[in-house]
Amino acid sequence: MSTTPATHDHGPHDRDPQRRDPYEGFPGTVGRTFGASTPAWPARLRPREGAPNIIVVLIDDMGYSDIGPFGSEIPTPTLDRLAATGVKLANYHTMPLCSPARAALLTGLNPHRVGYSFVANADPGFPGYGMEVAGDIPTLAELLHDAGYATYAVGKWHLTRDSASNAADNRANWPLQKGFDQYYGVLEGLTSLFHPHQLVRDNSPLDIVEFPDDYYYTDDITDQAIAMVKSLRAHDADKPFFLYLAHNAVHGPLQAKPEDLARHRGRYDGGWDELRTARFARQLAAGHFPPGTELPERNVEPGHDVGPWAELGDVQQKLYARYMEVYAAMVDNVDQNLGRLTDTLAALGELDNTIIVFTSDNGGTGEGGAEGTRSYFSRFVHHPALPADWNPDVAREIELIGGPQSLVHYPRGWGMASNTPFRFYKGQTYAGGVRVPFVLSWPAGLPRTEDDPGVRTQYQYVTDILPTLLELAGVERPLQRGPGEGQPVQSLDGVSFVPVLRSPEAASSHTEQYCEMTGNRSYYRDGWKLVTLHRFGAPYDDGEWALYDLRTDPTEIHDVSSEHPDLVKELSAAWEAAAWRNGVFPLADGSGALALRGPEAERLRRPVTILPGTPELERYRSSRLISFRSFAVEVELDAHGAADQGVLVSHGDQGGGYSLYVEDGRLRFAYNQYGDLLEADGGRLAPGARRITLEATAVADLKWEFRLLVDGTEGGRLGPVHQLIGMAPFQGISVGVDRKSPVSWPVHQRHRSFRYTGGLRAVTYVPGEPAPYDPETVAQALRDAAAAFE
């Protein structure tokens, strides 16, 4: 005899609402024995037959003209092949900054709605700056995973707020919690390509002491991606995958492998003016722009201006050309690695049925300044109280540029050339900041006809990627998601452009779009673009608006706002309405609010004791202990032995940091001032010493003075030196060793990571009071004063 649970009385306890009947809903039958029962198995979730693999390759800070299919001289044979079989979107737009662009790409929503008005390095306390993807906004990875795809992410994430990137966080906004099966890469926005500051695998930061001498991050993340795909195919011959391959290249600091760099020697001796002209000619020939499109003059606006290459001296030209050689080598390396990935797909017989998207998060950057820099983090600092002797560059032999000892960025003249033929850079809402290359290839599903040139000039936007890929994959985005009836999901802002991919004659699917970034604003409608170039801290008024007819003036040269005042008024009102609807307000101003952090951040400034063997303290967590303040570092030893030596504590890397170490019986302090190495001798460390203290006193002009004490007695001093602020020190605190990128390259050459050989009990950081110039203190004072006035 057999029975079903529905007709069997299991007793009164089964009516307990907190106790689910284990047989409820089972489609088979259950008796007392296997012989009297009928088995049933739940259906396995499988995508449709023949569903394509999907790879999104997102490069960082690459301008419109930097790959072969978009006019570059840099050899990119892999991308050339993909473009030859696929489609180029010549009029694709994105956000002008990385975290907002990534949020829009992965969700299909305008980034302010998702909470990414800015990079994920802020927390001013407003909805548009929440830096967390809410549960009712499913990512592309979640939607494809729900449909039966394997989902992988490698490389840059930058959708986790910096204060939430540490190993104690709940990880709610880390990649695995946003739909990815596996992840390998860097959670933050930038890193050293030779010595990444914190690699994460899945949900765990990796405890790495040293990298191999031939390590290169772009190669590494590609290796990891290939391994993920190979492993999947070894286990399942049919399951499609989604791979989000997000490069940190070509974001600064610019670093390239010697063999890649060697191929580009001399390529840029002609300068940026010559380069722009050559690239623009190739773009016109390829049909990216209508006949009559003009190449703008060099950027001339203050803070964005670029001078003529011919007016530079020989030494400047040689140095500046070297910077661009490094950048080109990075692009070259990205293409090589993409070639290794496509070769793997070809070996598996899956290249034709793989959708490959290649694009950039935003345009090329001007952050290197007019001269470029060999001290990236020093150039990166923006503080109104920078002293007159602040040096945004350091001396470096030209042969070191691009290697692990130099953290460089090119002059903004190369950023201008990168964005050919457009004006301005990353961060601005002019085309230079938002119009980037876009290649999509899917030979099996989007074959090119002989008469199709493969160029699409229709306007499309970053939010359109998600609905387009879902449509190509045959996956519907649900109205609800989750168990039971599910939770309603937020509506999309993006629109599929599959018709545009299939036909060059199709109309654009995206006809209207607002944009905003740190006060730079724009509004696009049917070929018209209203845009501002906002000066930070200036009032927001209608006098900022310029108007361009992109149908005849795609390079935004001729401002016709005075000829169409009614259209200016109409589009500016449309921008205002869209801004309220999408959570754009409040706009950034001179109040310093972007420096504010939530009250939880104060917990990160309590004294902390770190035991030897503790993995490196995460960058942001470490910075809170020293930033814009006095502090003390107390090192507790077992009785120091005469032969003991090694690093006691280190914080930072080749871009800036400090290290306390013992060598040849002497206590030494290395201070890397943004690449300029300074040393202090703390004297001979007598056997039996038990406590070493490093005292840092914050003084005027954003400087520190250091004292070294052994068992309470002063042994040495250093300073005043420039404080490490902004993004430095970029590597976190290590106890008993100098991990990964060393503070002192000479010590690294002699001893590598130089682990301390004696008995090290603990290191305690004791933060002092903030200095008067601490941005958070200043911002809070301004806010308090305004409140009192009101």
# chains A, B, ... in the order shown; residues from 1 in each chain; ligands from 1
$ select_by_dssp --residues "range 233-284 of chain A" --states "strand (DSSP E or B)" --output "count of residues only"
7
$ residues_around --residues "Ser508 in chain A" --least-positions-apart "5" --cutoff "8 Å" --atoms "only C-alpha atoms" --output "VMD selection string"
chain A and resid 458 to 460 497 500
$ select_by_dssp --residues "range 376-534 of chain A" --states "alpha helix (DSSP H)" --output "VMD selection string"
chain A and resid 376 to 380 412 to 418 431 to 434 465 to 473 498 to 502
$ write_last_selection --atoms "N, CA and C atoms" --output "compact mmCIF listing (two decimals), in the first residue's frame"
# COMPACT_ATOMS: atom_id res chain seq x y z
N TYR A 376 52.15 59.12 -8.50
CA TYR A 376 50.71 59.10 -8.78
C TYR A 376 49.88 59.58 -7.59
N PHE A 377 50.16 59.08 -6.39
CA PHE A 377 49.34 59.42 -5.24
C PHE A 377 49.57 60.85 -4.78
N SER A 378 50.73 61.39 -5.04
CA SER A 378 50.97 62.80 -4.73
C SER A 378 50.17 63.69 -5.66
N ARG A 379 50.15 63.36 -6.95
CA ARG A 379 49.37 64.13 -7.91
C ARG A 379 47.87 63.99 -7.64
N PHE A 380 47.49 62.85 -7.05
CA PHE A 380 46.09 62.53 -6.80
C PHE A 380 45.51 63.36 -5.66
N ARG A 412 47.91 65.24 -19.37
CA ARG A 412 46.54 65.19 -19.91
C ARG A 412 46.48 65.41 -21.42
N GLY A 413 47.58 65.81 -22.04
CA GLY A 413 47.61 65.87 -23.50
C GLY A 413 47.36 64.51 -24.13
N TRP A 414 47.87 63.47 -23.49
CA TRP A 414 47.61 62.11 -23.99
C TRP A 414 46.17 61.70 -23.70
N GLY A 415 45.60 62.16 -22.59
CA GLY A 415 44.19 61.90 -22.33
C GLY A 415 43.32 62.55 -23.39
N MET A 416 43.70 63.75 -23.81
CA MET A 416 42.99 64.42 -24.89
C MET A 416 43.08 63.59 -26.18
N ALA A 417 44.26 63.07 -26.47
CA ALA A 417 44.44 62.25 -27.67
C ALA A 417 43.66 60.94 -27.54
N SER A 418 43.64 60.38 -26.35
CA SER A 418 42.87 59.17 -26.09
C SER A 418 41.40 59.36 -26.44
N ALA A 431 31.60 64.92 -24.37
CA ALA A 431 31.79 63.61 -24.98
C ALA A 431 33.09 62.93 -24.57
N GLY A 432 34.13 63.71 -24.31
CA GLY A 432 35.40 63.10 -23.90
C GLY A 432 35.28 62.26 -22.66
N GLY A 433 34.34 62.59 -21.79
CA GLY A 433 34.16 61.83 -20.57
C GLY A 433 33.22 60.66 -20.69
N VAL A 434 32.32 60.70 -21.71
CA VAL A 434 31.22 59.73 -21.73
C VAL A 434 31.09 58.92 -23.01
N ILE A 465 22.84 47.95 -21.91
CA ILE A 465 23.58 46.69 -22.06
C ILE A 465 22.83 45.53 -21.43
N LEU A 466 22.32 45.71 -20.21
CA LEU A 466 21.64 44.61 -19.54
C LEU A 466 20.42 44.12 -20.31
N PRO A 467 19.46 44.97 -20.68
CA PRO A 467 18.31 44.44 -21.42
C PRO A 467 18.70 43.85 -22.78
N THR A 468 19.74 44.38 -23.40
CA THR A 468 20.18 43.84 -24.69
C THR A 468 20.72 42.43 -24.54
N LEU A 469 21.58 42.22 -23.56
CA LEU A 469 22.15 40.89 -23.36
C LEU A 469 21.10 39.89 -22.92
N LEU A 470 20.17 40.32 -22.09
CA LEU A 470 19.09 39.41 -21.70
C LEU A 470 18.28 38.98 -22.91
N GLU A 471 17.97 39.93 -23.78
CA GLU A 471 17.19 39.58 -24.97
C GLU A 471 17.96 38.62 -25.87
N LEU A 472 19.25 38.88 -26.07
CA LEU A 472 20.05 37.99 -26.90
C LEU A 472 20.14 36.59 -26.30
N ALA A 473 20.16 36.52 -24.98
CA ALA A 473 20.25 35.23 -24.30
C ALA A 473 18.90 34.54 -24.17
N VAL A 498 18.85 45.51 -29.52
CA VAL A 498 18.99 44.38 -30.43
C VAL A 498 18.62 44.76 -31.87
N PRO A 499 17.54 45.52 -32.12
CA PRO A 499 17.26 45.92 -33.51
C PRO A 499 18.41 46.69 -34.15
N VAL A 500 19.08 47.52 -33.37
CA VAL A 500 20.21 48.29 -33.89
C VAL A 500 21.36 47.35 -34.25
N LEU A 501 21.59 46.33 -33.42
CA LEU A 501 22.64 45.36 -33.73
C LEU A 501 22.34 44.61 -35.03
N ARG A 502 21.08 44.35 -35.26
CA ARG A 502 20.70 43.55 -36.43
C ARG A 502 20.66 44.37 -37.72
$ residues_around --residues "range 343-348 of chain A" --least-positions-apart "4" --cutoff "10 Å" --atoms "only C-alpha atoms" --output "list in words"
Asn53, Thr78, Ile226, Ala227, Val229, Lys230, Arg233, Ala237, Asn337, Leu338, Gly339, Asp352, Asn353 and Thr354 of chain A
$ write_last_selection --atoms "C-alpha atoms" --output "short mmCIF file (atom, residue, chain, number, x, y, z; two decimals), in the first residue's frame"
data_model
loop_
_atom_site.label_atom_id
_atom_site.label_comp_id
_atom_site.auth_asym_id
_atom_site.auth_seq_id
_atom_site.Cartn_x
_atom_site.Cartn_y
_atom_site.Cartn_z
CA ASN A 53 27.95 32.34 -23.40
CA THR A 78 42.10 40.35 -31.19
CA ILE A 226 40.39 30.94 -18.32
CA ALA A 227 40.63 28.50 -15.41
CA VAL A 229 35.82 28.47 -18.01
CA LYS A 230 37.94 25.32 -18.34
CA ARG A 233 33.52 22.68 -19.23
CA ALA A 237 29.57 20.35 -21.34
CA ASN A 337 45.12 38.50 -22.88
CA LEU A 338 41.77 38.75 -24.62
CA GLY A 339 43.38 36.73 -27.39
CA ASP A 352 31.10 31.53 -32.42
CA ASN A 353 28.35 31.07 -29.81
CA THR A 354 29.84 33.49 -27.31
#
$ residues_around --residues "range 137-154 of chain A" --least-positions-apart "3" --cutoff "9 Å" --atoms "only C-alpha atoms" --output "PyMOL selection string"
chain A and resi 44-48+53+103+105-109+114+133-134+157+175-176+178-186+221-222+224-225+228-229+232+239-247+466-467+469-470+473+475-478+481+489-491
$ closest_residue --among "A:Glu563, A:Glu556, A:Asp589, A:Asp219" --to "Glu297 in chain A" --atoms "only C-alpha atoms"
A:Glu556
$ decode --residues "range 221-237 of chain A" --atoms "all heavy atoms" --output "PDB file, in the first residue's frame"
ATOM      1  N   ILE A 221      44.504  37.907 -13.789  1.00  0.00           N
ATOM      2  CA  ILE A 221      43.037  37.803 -13.811  1.00  0.00           C
ATOM      3  C   ILE A 221      42.563  37.070 -15.068  1.00  0.00           C
ATOM      4  O   ILE A 221      41.535  36.384 -15.043  1.00  0.00           O
ATOM      5  CB  ILE A 221      42.349  39.184 -13.684  1.00  0.00           C
ATOM      6  CG1 ILE A 221      42.706  40.119 -14.831  1.00  0.00           C
ATOM      7  CG2 ILE A 221      42.667  39.813 -12.329  1.00  0.00           C
ATOM      8  CD1 ILE A 221      41.915  41.419 -14.829  1.00  0.00           C
ATOM      9  N   THR A 222      43.340  37.182 -16.161  1.00  0.00           N
ATOM     10  CA  THR A 222      42.989  36.416 -17.353  1.00  0.00           C
ATOM     11  C   THR A 222      43.215  34.928 -17.116  1.00  0.00           C
ATOM     12  O   THR A 222      42.389  34.092 -17.522  1.00  0.00           O
ATOM     13  CB  THR A 222      43.800  36.900 -18.561  1.00  0.00           C
ATOM     14  OG1 THR A 222      43.601  38.311 -18.726  1.00  0.00           O
ATOM     15  CG2 THR A 222      43.366  36.182 -19.831  1.00  0.00           C
ATOM     16  N   ASP A 223      44.320  34.580 -16.461  1.00  0.00           N
ATOM     17  CA  ASP A 223      44.547  33.178 -16.084  1.00  0.00           C
ATOM     18  C   ASP A 223      43.379  32.638 -15.269  1.00  0.00           C
ATOM     19  O   ASP A 223      42.916  31.508 -15.482  1.00  0.00           O
ATOM     20  CB  ASP A 223      45.825  33.048 -15.255  1.00  0.00           C
ATOM     21  CG  ASP A 223      47.090  33.241 -16.075  1.00  0.00           C
ATOM     22  OD1 ASP A 223      47.025  33.165 -17.312  1.00  0.00           O
ATOM     23  OD2 ASP A 223      48.153  33.484 -15.457  1.00  0.00           O
ATOM     24  N   GLN A 224      42.922  33.436 -14.313  1.00  0.00           N
ATOM     25  CA  GLN A 224      41.824  33.005 -13.449  1.00  0.00           C
ATOM     26  C   GLN A 224      40.536  32.819 -14.255  1.00  0.00           C
ATOM     27  O   GLN A 224      39.793  31.855 -14.041  1.00  0.00           O
ATOM     28  CB  GLN A 224      41.604  34.032 -12.334  1.00  0.00           C
ATOM     29  CG  GLN A 224      42.790  34.220 -11.401  1.00  0.00           C
ATOM     30  CD  GLN A 224      43.071  33.014 -10.544  1.00  0.00           C
ATOM     31  OE1 GLN A 224      42.156  32.270 -10.191  1.00  0.00           O
ATOM     32  NE2 GLN A 224      44.328  32.809 -10.190  1.00  0.00           N
ATOM     33  N   ALA A 225      40.261  33.736 -15.175  1.00  0.00           N
ATOM     34  CA  ALA A 225      39.061  33.632 -16.002  1.00  0.00           C
ATOM     35  C   ALA A 225      39.108  32.376 -16.864  1.00  0.00           C
ATOM     36  O   ALA A 225      38.110  31.636 -16.978  1.00  0.00           O
ATOM     37  CB  ALA A 225      38.918  34.878 -16.873  1.00  0.00           C
ATOM     38  N   ILE A 226      40.246  32.130 -17.477  1.00  0.00           N
ATOM     39  CA  ILE A 226      40.393  30.938 -18.319  1.00  0.00           C
ATOM     40  C   ILE A 226      40.209  29.676 -17.486  1.00  0.00           C
ATOM     41  O   ILE A 226      39.547  28.715 -17.920  1.00  0.00           O
ATOM     42  CB  ILE A 226      41.761  30.958 -19.029  1.00  0.00           C
ATOM     43  CG1 ILE A 226      41.774  32.066 -20.094  1.00  0.00           C
ATOM     44  CG2 ILE A 226      42.082  29.608 -19.643  1.00  0.00           C
ATOM     45  CD1 ILE A 226      43.141  32.310 -20.713  1.00  0.00           C
ATOM     46  N   ALA A 227      40.775  29.663 -16.280  1.00  0.00           N
ATOM     47  CA  ALA A 227      40.629  28.499 -15.410  1.00  0.00           C
ATOM     48  C   ALA A 227      39.173  28.251 -15.038  1.00  0.00           C
ATOM     49  O   ALA A 227      38.720  27.098 -14.969  1.00  0.00           O
ATOM     50  CB  ALA A 227      41.478  28.677 -14.157  1.00  0.00           C
ATOM     51  N   MET A 228      38.421  29.331 -14.794  1.00  0.00           N
ATOM     52  CA  MET A 228      37.006  29.177 -14.459  1.00  0.00           C
ATOM     53  C   MET A 228      36.242  28.540 -15.608  1.00  0.00           C
ATOM     54  O   MET A 228      35.424  27.634 -15.421  1.00  0.00           O
ATOM     55  CB  MET A 228      36.406  30.546 -14.104  1.00  0.00           C
ATOM     56  CG  MET A 228      36.913  31.134 -12.804  1.00  0.00           C
ATOM     57  SD  MET A 228      36.336  32.852 -12.581  1.00  0.00           S
ATOM     58  CE  MET A 228      37.191  33.319 -11.074  1.00  0.00           C
ATOM     59  N   VAL A 229      36.512  29.005 -16.838  1.00  0.00           N
ATOM     60  CA  VAL A 229      35.819  28.471 -18.008  1.00  0.00           C
ATOM     61  C   VAL A 229      36.210  27.015 -18.241  1.00  0.00           C
ATOM     62  O   VAL A 229      35.353  26.150 -18.504  1.00  0.00           O
ATOM     63  CB  VAL A 229      36.134  29.326 -19.246  1.00  0.00           C
ATOM     64  CG1 VAL A 229      35.602  28.670 -20.519  1.00  0.00           C
ATOM     65  CG2 VAL A 229      35.550  30.725 -19.082  1.00  0.00           C
ATOM     66  N   LYS A 230      37.499  26.708 -18.145  1.00  0.00           N
ATOM     67  CA  LYS A 230      37.944  25.324 -18.337  1.00  0.00           C
ATOM     68  C   LYS A 230      37.339  24.391 -17.298  1.00  0.00           C
ATOM     69  O   LYS A 230      36.924  23.264 -17.623  1.00  0.00           O
ATOM     70  CB  LYS A 230      39.470  25.258 -18.268  1.00  0.00           C
ATOM     71  CG  LYS A 230      40.188  25.818 -19.482  1.00  0.00           C
ATOM     72  CD  LYS A 230      41.690  25.664 -19.308  1.00  0.00           C
ATOM     73  CE  LYS A 230      42.455  26.079 -20.554  1.00  0.00           C
ATOM     74  NZ  LYS A 230      43.930  25.943 -20.367  1.00  0.00           N
ATOM     75  N   SER A 231      37.294  24.842 -16.062  1.00  0.00           N
ATOM     76  CA  SER A 231      36.722  24.007 -15.001  1.00  0.00           C
ATOM     77  C   SER A 231      35.240  23.740 -15.257  1.00  0.00           C
ATOM     78  O   SER A 231      34.752  22.619 -15.076  1.00  0.00           O
ATOM     79  CB  SER A 231      36.913  24.685 -13.647  1.00  0.00           C
ATOM     80  OG  SER A 231      36.302  23.932 -12.611  1.00  0.00           O
ATOM     81  N   LEU A 232      34.521  24.773 -15.682  1.00  0.00           N
ATOM     82  CA  LEU A 232      33.101  24.587 -15.983  1.00  0.00           C
ATOM     83  C   LEU A 232      32.918  23.525 -17.057  1.00  0.00           C
ATOM     84  O   LEU A 232      32.084  22.616 -16.917  1.00  0.00           O
ATOM     85  CB  LEU A 232      32.489  25.917 -16.432  1.00  0.00           C
ATOM     86  CG  LEU A 232      31.039  25.840 -16.922  1.00  0.00           C
ATOM     87  CD1 LEU A 232      30.095  25.486 -15.783  1.00  0.00           C
ATOM     88  CD2 LEU A 232      30.622  27.149 -17.582  1.00  0.00           C
ATOM     89  N   ARG A 233      33.699  23.631 -18.145  1.00  0.00           N
ATOM     90  CA  ARG A 233      33.520  22.681 -19.228  1.00  0.00           C
ATOM     91  C   ARG A 233      33.930  21.256 -18.845  1.00  0.00           C
ATOM     92  O   ARG A 233      33.382  20.285 -19.365  1.00  0.00           O
ATOM     93  CB  ARG A 233      34.301  23.136 -20.449  1.00  0.00           C
ATOM     94  CG  ARG A 233      33.588  24.201 -21.227  1.00  0.00           C
ATOM     95  CD  ARG A 233      32.235  23.699 -21.757  1.00  0.00           C
ATOM     96  NE  ARG A 233      31.369  24.824 -22.128  1.00  0.00           N
ATOM     97  CZ  ARG A 233      30.410  25.302 -21.387  1.00  0.00           C
ATOM     98  NH1 ARG A 233      30.138  24.771 -20.200  1.00  0.00           N
ATOM     99  NH2 ARG A 233      29.664  26.313 -21.790  1.00  0.00           N
ATOM    100  N   ALA A 234      34.874  21.144 -17.929  1.00  0.00           N
ATOM    101  CA  ALA A 234      35.246  19.806 -17.471  1.00  0.00           C
ATOM    102  C   ALA A 234      34.121  19.160 -16.670  1.00  0.00           C
ATOM    103  O   ALA A 234      33.999  17.936 -16.639  1.00  0.00           O
ATOM    104  CB  ALA A 234      36.518  19.875 -16.632  1.00  0.00           C
ATOM    105  N   HIS A 235      33.290  19.971 -16.041  1.00  0.00           N
ATOM    106  CA  HIS A 235      32.209  19.453 -15.204  1.00  0.00           C
ATOM    107  C   HIS A 235      30.869  19.412 -15.916  1.00  0.00           C
ATOM    108  O   HIS A 235      30.003  18.612 -15.573  1.00  0.00           O
ATOM    109  CB  HIS A 235      32.075  20.295 -13.928  1.00  0.00           C
ATOM    110  CG  HIS A 235      33.216  20.130 -12.972  1.00  0.00           C
ATOM    111  ND1 HIS A 235      34.348  20.894 -13.036  1.00  0.00           N
ATOM    112  CD2 HIS A 235      33.398  19.265 -11.942  1.00  0.00           C
ATOM    113  CE1 HIS A 235      35.182  20.532 -12.081  1.00  0.00           C
ATOM    114  NE2 HIS A 235      34.639  19.546 -11.407  1.00  0.00           N
ATOM    115  N   ASP A 236      30.667  20.322 -16.880  1.00  0.00           N
ATOM    116  CA  ASP A 236      29.369  20.414 -17.549  1.00  0.00           C
ATOM    117  C   ASP A 236      29.610  20.893 -18.975  1.00  0.00           C
ATOM    118  O   ASP A 236      30.083  22.008 -19.192  1.00  0.00           O
ATOM    119  CB  ASP A 236      28.445  21.382 -16.806  1.00  0.00           C
ATOM    120  CG  ASP A 236      27.007  21.354 -17.285  1.00  0.00           C
ATOM    121  OD1 ASP A 236      26.794  21.241 -18.514  1.00  0.00           O
ATOM    122  OD2 ASP A 236      26.089  21.457 -16.450  1.00  0.00           O
ATOM    123  N   ALA A 237      29.275  20.041 -19.940  1.00  0.00           N
ATOM    124  CA  ALA A 237      29.573  20.346 -21.338  1.00  0.00           C
ATOM    125  C   ALA A 237      28.638  21.382 -21.940  1.00  0.00           C
ATOM    126  O   ALA A 237      28.948  21.943 -23.000  1.00  0.00           O
ATOM    127  CB  ALA A 237      29.510  19.057 -22.163  1.00  0.00           C
TER     128      ALA A 237
END
